[in-house]
Each structure stands twice: as C-alpha cells, then as structure tokens.
>>> print(open('query-v8.txt').read())   # compact mmCIF, C-alpha atoms
# COMPACT_ATOMS: atom_id res chain seq x y z
CA MET A 9 123.72 35.24 -21.35
CA THR A 10 126.95 35.91 -19.47
CA ALA A 11 130.21 34.80 -21.17
CA ALA A 12 132.57 32.40 -19.46
CA PRO A 13 135.45 33.97 -17.48
CA ALA A 14 137.97 32.41 -19.86
CA GLU A 15 136.33 34.18 -22.79
CA ARG A 16 136.29 37.63 -21.21
CA GLY A 17 139.03 40.02 -22.32
CA ARG A 18 142.21 39.13 -24.19
CA THR A 19 145.97 38.81 -23.69
CA VAL A 20 148.12 41.28 -25.56
CA VAL A 21 151.88 40.79 -25.88
CA ALA A 22 153.69 44.07 -26.36
CA ASP A 23 156.21 44.62 -29.13
CA ARG A 24 158.89 45.42 -26.55
CA ALA A 25 158.46 42.06 -24.81
CA VAL A 26 158.73 40.16 -28.10
CA ARG A 27 161.83 42.17 -29.04
CA ARG A 28 163.51 41.32 -25.73
CA ILE A 29 162.75 37.63 -26.19
CA ALA A 30 164.13 37.68 -29.74
CA GLU A 31 167.35 39.44 -28.70
CA ARG A 32 167.95 37.05 -25.83
CA ALA A 33 167.17 34.00 -27.96
CA ALA A 34 169.62 35.11 -30.65
CA THR A 35 172.45 35.18 -28.09
CA GLU A 36 171.52 31.66 -26.88
CA ALA A 37 172.29 30.00 -30.21
CA ASP A 38 175.20 27.58 -29.87
CA LEU A 39 177.84 28.34 -32.50
CA GLY A 40 180.37 25.67 -31.64
CA GLY A 41 181.06 26.94 -28.14
CA ARG A 42 180.80 30.60 -29.18
CA ARG A 43 177.95 33.12 -29.05
CA ALA A 44 176.56 35.88 -31.23
CA ARG A 45 176.16 39.44 -29.99
CA VAL A 46 172.97 41.38 -30.74
CA THR A 47 173.49 45.03 -31.62
CA HIS A 48 169.90 45.97 -32.47
CA GLY A 49 166.47 44.33 -32.61
CA THR A 50 162.91 45.14 -33.65
CA ALA A 51 159.55 43.35 -33.28
CA ALA A 52 156.02 44.01 -34.54
CA VAL A 53 152.96 42.14 -33.25
CA HIS A 54 149.87 41.84 -35.50
CA GLY A 55 147.17 39.95 -33.64
CA SER A 56 148.47 36.43 -33.10
CA HIS A 57 151.40 36.89 -35.47
CA ALA A 58 154.78 38.53 -34.93
CA ASP A 59 157.57 39.78 -37.15
CA VAL A 60 161.03 39.94 -35.54
CA ARG A 61 164.37 41.17 -36.77
CA VAL A 62 167.79 41.36 -35.12
CA ASP A 63 171.21 42.65 -36.13
CA VAL A 64 174.01 40.43 -34.85
CA ARG A 65 177.77 40.40 -34.65
CA LEU A 66 179.14 36.92 -35.31
CA PRO A 67 182.46 35.53 -34.11
CA TYR A 68 185.15 35.21 -36.77
CA PRO A 69 185.71 32.82 -38.46
CA ALA A 70 182.21 31.51 -39.15
CA ALA A 71 180.16 30.35 -42.14
CA LEU A 72 177.68 33.18 -42.53
CA GLY A 73 174.85 31.17 -44.08
CA GLU A 74 174.94 28.26 -41.66
CA THR A 75 175.59 30.40 -38.60
CA GLY A 76 172.87 32.89 -39.46
CA GLU A 77 170.38 30.06 -39.97
CA ARG A 78 171.18 28.67 -36.52
CA VAL A 79 170.55 32.05 -34.93
CA ARG A 80 167.32 32.55 -36.88
CA THR A 81 165.97 29.10 -36.01
CA ARG A 82 166.73 29.52 -32.34
CA MET A 83 165.16 32.97 -32.27
CA ALA A 84 161.96 31.89 -34.03
CA ASP A 85 161.48 28.80 -31.83
CA ARG A 86 162.00 30.65 -28.57
CA VAL A 87 159.75 33.57 -29.52
CA ALA A 88 156.93 31.17 -30.45
CA GLU A 89 157.45 29.11 -27.29
CA LEU A 90 157.61 31.97 -24.78
CA SER A 91 155.14 34.46 -26.29
CA GLY A 92 152.57 32.05 -27.74
CA LEU A 93 152.54 33.95 -31.04
CA THR A 94 153.10 32.61 -34.50
CA VAL A 95 156.34 33.95 -35.94
CA ARG A 96 155.49 35.01 -39.45
CA ALA A 97 158.90 36.41 -40.37
CA ALA A 98 162.23 36.06 -38.55
CA THR A 99 165.10 38.02 -40.04
CA VAL A 100 168.74 37.95 -39.01
CA ARG A 101 171.14 40.50 -40.44
CA VAL A 102 174.86 40.00 -39.95
CA GLN A 103 176.17 43.46 -39.21
CA SER A 104 179.85 42.66 -38.53
CA LEU A 105 182.35 39.97 -37.55
CA ALA A 106 184.40 40.00 -34.37
CA ALA A 107 187.66 38.10 -33.93
CA ASP A 108 187.34 35.22 -31.47
CA ARG A 109 190.28 35.63 -29.07
CA ALA A 110 189.73 32.25 -27.42
CA ALA A 111 190.04 30.50 -30.77
CA ARG A 112 193.27 32.29 -31.67
CA SER A 113 195.18 31.32 -28.53
CA PRO A 114 196.99 28.04 -29.27
CA HIS A 115 197.74 25.35 -26.74
CA PRO A 116 201.20 25.72 -25.22
CA SER A 117 202.12 22.21 -26.33
CA ASP A 118 201.27 22.89 -30.00
CA GLY A 119 203.97 24.07 -32.32
CA ALA A 120 207.57 24.70 -31.41
CA GLY A 121 206.95 25.92 -27.87
CA PRO A 122 204.62 27.75 -25.50
CA SER A 123 203.11 31.02 -26.65
CA ARG A 124 203.83 32.64 -23.31
CA ARG A 125 205.59 31.67 -20.14
CA ALA A 126 203.75 31.48 -16.89
CA ARG A 127 205.58 33.31 -14.16
CA ARG A 128 206.18 31.88 -10.76
CA PRO A 129 203.42 33.00 -8.37
CA TRP A 130 204.30 35.63 -5.81
CA SER A 131 204.49 34.71 -2.18
CA GLY A 132 202.25 36.46 0.29
CA ARG A 133 205.20 36.85 2.71
CA ARG A 134 202.82 36.53 5.63
CA VAL A 135 205.42 36.11 8.36
CA PRO A 136 207.55 39.19 7.47
CA ALA A 137 204.44 41.28 6.85
CA ALA A 138 202.94 40.21 10.17
CA LEU A 139 206.17 40.98 12.05
CA VAL A 140 206.52 44.44 10.48
CA ALA A 141 202.86 45.23 11.15
CA LEU A 142 203.12 43.99 14.74
CA VAL A 143 206.26 46.00 15.52
CA GLY A 144 204.89 49.15 13.88
CA THR A 145 201.53 48.83 15.63
CA GLY A 146 203.16 48.27 19.01
CA ALA A 147 205.51 51.23 18.67
CA CYS A 148 202.74 53.58 17.52
CA ALA A 149 200.39 52.39 20.28
CA LEU A 150 203.04 52.90 22.96
CA LEU A 151 203.92 56.40 21.72
CA LEU A 152 200.24 57.38 21.39
CA TYR A 153 199.52 56.20 24.94
CA ASP A 154 202.37 58.27 26.36
CA VAL A 155 201.35 61.39 24.41
CA LEU A 156 197.73 61.09 25.56
CA ALA A 157 198.83 60.54 29.14
CA VAL A 158 200.85 63.77 29.02
CA HIS A 159 198.28 66.02 27.30
CA VAL A 160 195.03 64.56 28.66
CA ALA A 161 195.83 63.17 32.10
CA GLY A 162 198.52 65.75 32.88
CA ARG A 163 201.20 63.19 33.71
CA GLY A 164 204.88 63.53 32.99
CA PRO A 165 206.47 61.88 29.98
CA ALA A 166 207.63 58.31 30.35
CA ALA A 167 211.21 57.63 31.33
CA TRP A 168 211.98 55.69 28.15
CA ARG A 169 210.96 58.70 26.02
CA THR A 170 213.02 61.21 27.97
CA ASP A 171 216.01 58.85 27.99
CA ALA A 172 215.74 58.37 24.23
CA VAL A 173 215.62 62.14 23.65
CA ASP A 174 218.62 62.72 25.92
CA TRP A 175 220.62 59.92 24.29
CA THR A 176 220.02 61.21 20.75
CA ALA A 177 220.99 64.72 21.88
CA THR A 178 224.35 63.59 23.27
CA HIS A 179 225.36 61.10 20.54
CA GLY A 180 226.31 62.13 17.03
CA PRO A 181 226.71 60.34 13.70
CA GLY A 182 230.29 59.35 14.47
CA ASP A 183 229.50 57.24 17.53
CA THR A 184 229.87 53.51 17.28
CA ALA A 185 226.36 52.80 18.55
CA VAL A 186 224.81 55.15 16.00
CA VAL A 187 226.79 53.61 13.14
CA ALA A 188 225.86 50.09 14.24
CA GLY A 189 222.19 51.02 14.55
CA GLY A 190 222.21 52.62 11.09
CA ALA A 191 223.85 49.56 9.60
CA VAL A 192 221.21 47.28 11.14
CA ALA A 193 218.42 49.56 9.89
CA ALA A 194 219.93 49.59 6.38
CA VAL A 195 220.18 45.79 6.31
CA LEU A 196 216.59 45.41 7.47
CA GLY A 197 215.41 47.95 4.88
CA ALA A 198 217.30 46.19 2.08
CA TRP A 199 215.82 42.87 3.22
CA LEU A 200 212.29 44.30 3.13
CA LEU A 201 212.88 45.76 -0.34
CA TRP A 202 214.19 42.41 -1.54
CA LEU A 203 211.07 40.67 -0.21
CA ALA A 204 208.86 43.24 -1.92
CA LEU A 205 210.57 43.01 -5.33
CA THR A 206 211.07 39.22 -5.57
CA PRO A 207 208.31 36.64 -6.06
CA GLY A 208 209.58 34.11 -3.56
CA LEU A 209 208.18 30.56 -3.53
CA ARG A 210 211.43 29.08 -4.73
CA GLY A 211 210.17 25.58 -3.97
CA VAL A 212 207.65 25.48 -6.85
CA LEU A 213 207.96 25.32 -10.63
CA PRO A 214 205.37 27.03 -12.87
CA MET A 215 203.50 24.80 -15.29
CA ALA A 216 202.24 25.67 -18.76
CA PRO A 217 198.90 27.54 -18.78
CA VAL A 218 195.80 25.63 -19.82
CA PRO A 219 193.80 27.18 -22.69
CA GLY A 220 190.48 28.46 -21.46
CA GLY A 221 191.58 28.28 -17.84
CA GLY A 222 191.48 32.03 -17.34
CA PRO A 223 193.70 33.47 -14.63
CA ARG A 224 194.14 30.11 -12.93
CA ARG A 225 197.72 28.81 -12.86
CA ALA A 226 199.27 25.54 -11.79
CA VAL A 227 202.60 24.93 -10.10
CA LEU A 228 204.57 21.82 -9.27
CA GLU A 229 206.69 21.47 -6.18
CA ARG A 230 210.35 20.73 -6.79
CA SER A 231 210.28 17.87 -4.31
CA ALA A 232 207.37 16.27 -6.18
CA ALA A 233 209.23 16.61 -9.49
CA ALA A 234 212.28 14.94 -7.92
CA GLU A 235 210.13 12.07 -6.65
CA LEU A 236 208.60 11.54 -10.09
CA LEU A 237 212.02 11.49 -11.74
CA ARG A 238 213.41 9.04 -9.19
CA ASP A 239 210.46 6.64 -9.56
CA ALA A 240 210.62 6.82 -13.36
CA VAL A 241 214.34 6.05 -13.52
CA THR A 242 214.09 3.25 -10.95
CA ALA A 243 211.18 1.58 -12.72
CA ALA A 244 212.36 2.00 -16.32
CA VAL A 245 216.09 1.25 -16.07
CA PRO A 246 217.23 -2.23 -14.96
CA GLY A 247 220.45 -2.55 -13.00
CA VAL A 248 220.06 0.72 -11.09
CA THR A 249 220.13 0.17 -7.33
CA ASP A 250 220.08 3.70 -5.89
CA VAL A 251 218.79 6.92 -7.50
CA ARG A 252 219.09 10.37 -5.95
CA VAL A 253 217.53 13.40 -7.64
CA ARG A 254 218.10 17.04 -6.79
CA CYS A 255 215.74 19.39 -8.62
CA GLY A 256 216.56 23.07 -8.97
CA ARG A 257 214.81 25.94 -10.70
CA ARG A 258 216.68 25.47 -13.99
CA ARG A 259 218.59 22.19 -13.66
CA VAL A 260 218.00 18.74 -12.31
CA ARG A 261 220.78 16.43 -11.17
CA VAL A 262 220.31 12.67 -11.24
CA ARG A 263 222.82 10.45 -9.42
CA ALA A 264 222.42 6.72 -9.87
CA ARG A 265 224.28 3.59 -8.77
CA LEU A 266 224.85 0.69 -11.13
CA GLY A 267 224.55 -2.79 -9.68
CA PHE A 268 224.75 -4.87 -12.82
CA GLY A 269 224.69 -4.43 -16.58
CA ASP A 270 226.59 -2.45 -19.16
CA ARG A 271 227.62 1.01 -18.02
CA THR A 272 227.19 2.84 -21.34
CA THR A 273 223.81 1.28 -22.07
CA THR A 274 222.52 2.03 -18.58
CA ARG A 275 223.66 5.66 -18.73
CA THR A 276 221.83 6.12 -22.04
CA ALA A 277 218.69 4.55 -20.59
CA VAL A 278 218.81 6.84 -17.53
CA ARG A 279 219.14 9.91 -19.74
CA THR A 280 216.26 8.79 -21.93
CA ALA A 281 213.97 8.13 -18.96
CA THR A 282 214.89 11.48 -17.40
CA ALA A 283 214.20 13.42 -20.60
CA ALA A 284 210.85 11.66 -21.16
CA THR A 285 209.71 12.38 -17.59
CA LEU A 286 210.71 16.05 -17.81
CA ASP A 287 208.73 16.45 -21.03
CA ALA A 288 205.68 14.88 -19.38
CA LEU A 289 205.73 17.29 -16.41
CA GLY A 290 204.36 20.16 -18.53
CA LEU A 291 206.64 22.87 -17.17
CA THR A 292 206.97 26.22 -18.91
CA ARG A 293 210.76 26.08 -18.80
CA SER A 294 212.42 22.78 -19.54
CA LEU A 295 214.91 21.72 -16.89
CA LYS A 296 218.42 20.79 -18.01
CA PRO A 297 219.27 17.29 -16.79
CA ARG A 298 222.68 16.19 -15.58
CA VAL A 299 223.13 12.46 -15.13
CA THR A 300 225.90 10.82 -13.08
CA LEU A 301 226.21 7.02 -13.03
CA ARG A 302 228.65 5.32 -10.69
CA PRO A 303 229.10 1.55 -10.36
CA GLU A 304 228.70 -0.23 -7.06
CA PRO A 305 231.84 -1.67 -5.40
CA HIS A 306 230.75 -5.20 -6.31
CA TRP A 307 229.98 -4.32 -9.94
CA ARG A 308 231.91 -6.14 -12.63
CA PRO A 309 231.84 -5.41 -16.33
CA PRO A 310 229.81 -7.95 -18.30
CA GLU A 311 231.91 -10.70 -19.83
CA PRO A 312 232.03 -10.79 -23.62
CA THR A 313 230.03 -13.60 -25.11
CA THR A 314 232.14 -16.04 -27.21
CA THR A 315 230.88 -18.74 -29.57
CA ALA A 316 232.56 -22.15 -29.56
CA PRO A 317 234.06 -23.21 -32.95
CA PRO A 318 232.23 -26.03 -34.74
CA ALA A 319 233.64 -29.53 -34.12
CA GLU A 320 235.56 -31.15 -36.94
CA PRO A 321 233.99 -34.33 -38.38
CA GLY A 322 235.77 -37.52 -37.17
CA PRO A 323 235.97 -41.00 -38.65
CA VAL A 324 232.72 -42.87 -38.96
CA THR A 325 232.69 -46.06 -36.88
CA GLY A 326 230.18 -48.88 -37.10
CA PRO A 327 229.82 -52.63 -36.89
CA PRO A 328 232.25 -54.69 -39.04
CA PRO A 329 230.85 -55.97 -42.32
CA PRO A 330 229.72 -59.66 -42.28
CA LYS A 331 232.17 -62.29 -43.54
CA GLU A 332 231.38 -64.08 -46.78
CA THR A 333 230.98 -67.89 -46.51
CA ASP A 334 230.88 -70.51 -49.23
CA SER A 335 227.76 -72.59 -49.25
>>> encode(input="query-v8.txt", output="structure tokens")
Amino acid sequence: MTAAPAERGRTVVADRAVRRIAERAATEADLGGRRARVTHGTAAVHGSHADVRVDVRLPYPAALGETGERVRTRMADRVAELSGLTVRAATVRVQSLAADRAARSPHPSDGAGPSRRARRPWSGRRVPAALVALVGTGACALLLYDVLAVHVAGRGPAAWRTDAVDWTATHGPGDTAVVAGGAVAAVLGAWLLWLALTPGLRGVLPMAPVPGGGPRRAVLERSAAAELLRDAVTAAVPGVTDVRVRCGRRRVRVRARLGFGDRTTTRTAVRTATAATLDALGLTRSLKPRVTLRPEPHWRPPEPTTTAPPAEPGPVTGPPPPKETDS
C-alpha cells in the first residue's frame, strides 16, 4: 500500500536556522524602549525539540533578572512559533552591560539650563554662490573658446584678449586704475570670505534641541517671536493701547502706550508678560527684555480713592407724647 504524500519524507530544521531565529528574537525584546545586543548564540536540534542559548549585552541601567527573563521569554516564544519545534531549554547569559547614551542625555528644560546650545543653522548662500559660479563659468568658457579657435581653427586671437595683454604690459602697480581694480578685488574677496566663515540667517533664533530628535533642529523667526510678544502683552495687560516689539538676536525691546490705569502697575505687568512669553518660546539663549512705557496724551493719573467720614448722630425727633387728661 502506497503512503499518503503528506506522510512521505520529513522536514528537518537546521541548527543554523534555529540559531538565527533565536538571535533575532533576543534583539526584539522590548526593554522599556531599549534593545539588547546579541554577541553570540548557539542552537541544537534533537528531533522535534531544540535547545538554544544566546549571550547578550544589556543596556545600563537594567534589572538583570527581570530583563533577562524578558529576553528569554521572547526568544523561546519566537523560536517555537517560527520553527515549529518545542523549545526544551532556552538560556540567556548576560555577558556585559553597555551605557545607554539616550537615557543619559537630559532634556534641555530640566535642571538649571540646557546641556548644550544649538547653533544657528548655516545659510546656503545660494545667490552669492550662483553669481560666483556663473561669472567663473562664463569667463572660463569665453577663454576656452578663444584658445580653441586659435589652435584648432587657425584663427587669430580675439581683440579683447590682445587688448588686455597690451594694457597689462603698459600699466604698472602704481597706476590709478590698477590700484582701484586691486581694491575692488580685495573687497570682493573679503566679502566672500566673510560669507564663507559666518552662518548667516540672522532672521532666525535657534530653539532648544528635542531629546531623541537626532540631528533635526528647530528655529524661530524673529518676526514671529515679536508677534507673539506683542499679542501676549496686548491680551494680558489692560490699559495698553499700542505695543511695538523689536526682536534682536540677544535683546528684545518692547514699547507700549498707556491709555488708562496706574503707570507703575502697568509697567510691572508688561515686564511679567514679556518674561513669561520669552520663557515659553523655548530658545537656547534667553533674550534680554527692555520695556518702555509711555502714557498717551490724554492719560491722567488715577485719582486717589477717599472714604467719607461717618456722620455724627443728631437729635432724635418723633411725635410729641400724649397729654394726660383727668377723667
């Protein structure tokens, strides 16, 4: 009698395949947002059973017993699920501990101040770079065309090239035109060096880096910061009719007009609102505020409130007493 096709032969899972599954499963264990690293692994298959063992490097700090059990459980479950074998023994050996750099970096807002300052991003300087590249490319192309025309086509040199050679041969360093041209070239060179060595983008303010954000950085435009400050002062301080804010790279100037109310109290309220808004912006370098409060032409100081003295008690008046009559 011929056996059924499903009963012919057998499926054999190699030790290497089981070892790869165990190593990958050990790295998939969730350790509170962190992962273990496998340094070595072994596996032995005996029929329908398998014995696996891995050496791991755990992130520091970690509870060794609890963390190792998580890795072992994950490894045993995944090996049984993917290979179809019964895991008879799953062993996890903690070989070493590695410091978790992501856990050691504090948030910039924690503690006394930011752990590091984010620098202002560098400008691409596209317009100056495009102009320099365009001028250089045009000059080189024109000179190359004239040289090829002379050596390949047998033509004479262009008039502009012969005139330039003759002019440089007859004019020395003391001529006014040469001195003026050198001065212009020096100014342009200094300008290009300044563009290359400075970050540019003076209209933005760097914000504090976000933990876990990687190389991504955030910036805030100075005009947007000025708008936020103006809206905050206008909405939070009564009596202010006109607010003008000028935001710089290190300082911010707030000029306000007082329509009604006490001058000292309003100035204190404007300073408080400005300081609270600056703290909420999340900038790496705190801006120094300068507040100026000027009263409107129609403003008058508030009149002092006076209490009227209590009235003195007067004589009590009433109806005359009834006359007595003899009956």
>>> atom_distance(input="query-v8.txt", atom1="CA of Arg27 in chain A", atom2="CA of Ala51 in chain A")
5.0 Å
>>> atom_distance(input="query-v8.txt", atom1="CA of Thr145 in chain A", atom2="CA of Ala185 in chain A")
25.3 Å
>>> residues_around(input="query-v8.txt", residues="Arg261 in chain A", least_positions_apart="3", cutoff="10 Å", atoms="only C-alpha atoms", output="list in words")
Ala234, Arg252, Val253, Arg254, Cys255, Gly256, Ala264, Thr282, Leu295, Lys296, Pro297, Arg298, Val299 and Thr300 of chain A
>>> atom_distance(input="query-v8.txt", atom1="CA of Ala226 in chain A", atom2="CA of Leu213 in chain A")
8.8 Å
>>> residues_around(input="query-v8.txt", residues="Glu304 in chain A", least_positions_apart="2", cutoff="12 Å", atoms="all atoms listed in the file", output="PyMOL selection string")
chain A and resi 247-250+264-269+271+301-302+306-309
>>> decode(input="query-v8.txt", residues="range 235-260 of chain A", atoms="N, CA and C atoms", output="PDB file, in the first residue's frame")
ATOM      1  N   GLU A 235       5.797  89.010  17.069  1.00  0.00           N
ATOM      2  CA  GLU A 235       4.339  88.953  17.014  1.00  0.00           C
ATOM      3  C   GLU A 235       3.765  88.270  18.258  1.00  0.00           C
ATOM      4  N   LEU A 236       4.412  87.198  18.698  1.00  0.00           N
ATOM      5  CA  LEU A 236       3.933  86.505  19.895  1.00  0.00           C
ATOM      6  C   LEU A 236       4.027  87.400  21.126  1.00  0.00           C
ATOM      7  N   LEU A 237       5.124  88.123  21.254  1.00  0.00           N
ATOM      8  CA  LEU A 237       5.281  89.029  22.389  1.00  0.00           C
ATOM      9  C   LEU A 237       4.243  90.150  22.349  1.00  0.00           C
ATOM     10  N   ARG A 238       4.003  90.711  21.197  1.00  0.00           N
ATOM     11  CA  ARG A 238       3.030  91.793  21.091  1.00  0.00           C
ATOM     12  C   ARG A 238       1.620  91.307  21.435  1.00  0.00           C
ATOM     13  N   ASP A 239       1.237  90.140  20.924  1.00  0.00           N
ATOM     14  CA  ASP A 239      -0.099  89.617  21.235  1.00  0.00           C
ATOM     15  C   ASP A 239      -0.236  89.287  22.716  1.00  0.00           C
ATOM     16  N   ALA A 240       0.832  88.740  23.323  1.00  0.00           N
ATOM     17  CA  ALA A 240       0.759  88.382  24.737  1.00  0.00           C
ATOM     18  C   ALA A 240       0.611  89.618  25.620  1.00  0.00           C
ATOM     19  N   VAL A 241       1.372  90.664  25.332  1.00  0.00           N
ATOM     20  CA  VAL A 241       1.287  91.882  26.139  1.00  0.00           C
ATOM     21  C   VAL A 241      -0.060  92.569  25.944  1.00  0.00           C
ATOM     22  N   THR A 242      -0.545  92.617  24.716  1.00  0.00           N
ATOM     23  CA  THR A 242      -1.826  93.265  24.450  1.00  0.00           C
ATOM     24  C   THR A 242      -2.978  92.544  25.127  1.00  0.00           C
ATOM     25  N   ALA A 243      -2.933  91.204  25.136  1.00  0.00           N
ATOM     26  CA  ALA A 243      -4.040  90.443  25.706  1.00  0.00           C
ATOM     27  C   ALA A 243      -3.974  90.350  27.229  1.00  0.00           C
ATOM     28  N   ALA A 244      -2.785  90.391  27.804  1.00  0.00           N
ATOM     29  CA  ALA A 244      -2.652  90.147  29.236  1.00  0.00           C
ATOM     30  C   ALA A 244      -2.649  91.416  30.074  1.00  0.00           C
ATOM     31  N   VAL A 245      -2.314  92.553  29.485  1.00  0.00           N
ATOM     32  CA  VAL A 245      -2.164  93.787  30.263  1.00  0.00           C
ATOM     33  C   VAL A 245      -3.288  94.751  29.886  1.00  0.00           C
ATOM     34  N   PRO A 246      -4.190  95.095  30.803  1.00  0.00           N
ATOM     35  CA  PRO A 246      -5.219  96.086  30.489  1.00  0.00           C
ATOM     36  C   PRO A 246      -4.642  97.497  30.536  1.00  0.00           C
ATOM     37  N   GLY A 247      -5.223  98.373  29.724  1.00  0.00           N
ATOM     38  CA  GLY A 247      -4.787  99.757  29.677  1.00  0.00           C
ATOM     39  C   GLY A 247      -3.760 100.057  28.623  1.00  0.00           C
ATOM     40  N   VAL A 248      -3.204  99.044  27.969  1.00  0.00           N
ATOM     41  CA  VAL A 248      -2.204  99.241  26.932  1.00  0.00           C
ATOM     42  C   VAL A 248      -2.915  99.397  25.594  1.00  0.00           C
ATOM     43  N   THR A 249      -2.641 100.483  24.906  1.00  0.00           N
ATOM     44  CA  THR A 249      -3.322 100.762  23.638  1.00  0.00           C
ATOM     45  C   THR A 249      -2.466 100.442  22.426  1.00  0.00           C
ATOM     46  N   ASP A 250      -1.176 100.550  22.502  1.00  0.00           N
ATOM     47  CA  ASP A 250      -0.301 100.319  21.353  1.00  0.00           C
ATOM     48  C   ASP A 250       0.976  99.660  21.842  1.00  0.00           C
ATOM     49  N   VAL A 251       1.340  98.527  21.231  1.00  0.00           N
ATOM     50  CA  VAL A 251       2.541  97.773  21.609  1.00  0.00           C
ATOM     51  C   VAL A 251       3.375  97.555  20.362  1.00  0.00           C
ATOM     52  N   ARG A 252       4.627  97.928  20.419  1.00  0.00           N
ATOM     53  CA  ARG A 252       5.582  97.703  19.353  1.00  0.00           C
ATOM     54  C   ARG A 252       6.771  96.924  19.903  1.00  0.00           C
ATOM     55  N   VAL A 253       7.110  95.838  19.202  1.00  0.00           N
ATOM     56  CA  VAL A 253       8.174  94.937  19.657  1.00  0.00           C
ATOM     57  C   VAL A 253       9.224  94.845  18.556  1.00  0.00           C
ATOM     58  N   ARG A 254      10.460  94.994  18.959  1.00  0.00           N
ATOM     59  CA  ARG A 254      11.600  94.822  18.062  1.00  0.00           C
ATOM     60  C   ARG A 254      12.502  93.741  18.640  1.00  0.00           C
ATOM     61  N   CYS A 255      12.596  92.622  17.953  1.00  0.00           N
ATOM     62  CA  CYS A 255      13.323  91.455  18.459  1.00  0.00           C
ATOM     63  C   CYS A 255      14.667  91.358  17.764  1.00  0.00           C
ATOM     64  N   GLY A 256      15.727  91.320  18.541  1.00  0.00           N
ATOM     65  CA  GLY A 256      17.071  91.131  18.026  1.00  0.00           C
ATOM     66  C   GLY A 256      17.579  89.731  18.314  1.00  0.00           C
ATOM     67  N   ARG A 257      18.860  89.530  18.107  1.00  0.00           N
ATOM     68  CA  ARG A 257      19.453  88.222  18.366  1.00  0.00           C
ATOM     69  C   ARG A 257      19.691  87.983  19.844  1.00  0.00           C
ATOM     70  N   ARG A 258      19.909  89.030  20.627  1.00  0.00           N
ATOM     71  CA  ARG A 258      20.184  88.875  22.050  1.00  0.00           C
ATOM     72  C   ARG A 258      19.242  89.694  22.932  1.00  0.00           C
ATOM     73  N   ARG A 259      18.584  90.679  22.367  1.00  0.00           N
ATOM     74  CA  ARG A 259      17.710  91.544  23.154  1.00  0.00           C
ATOM     75  C   ARG A 259      16.390  91.723  22.430  1.00  0.00           C
ATOM     76  N   VAL A 260      15.392  92.063  23.211  1.00  0.00           N
ATOM     77  CA  VAL A 260      14.080  92.367  22.671  1.00  0.00           C
ATOM     78  C   VAL A 260      13.596  93.658  23.331  1.00  0.00           C
TER      79      VAL A 260
END
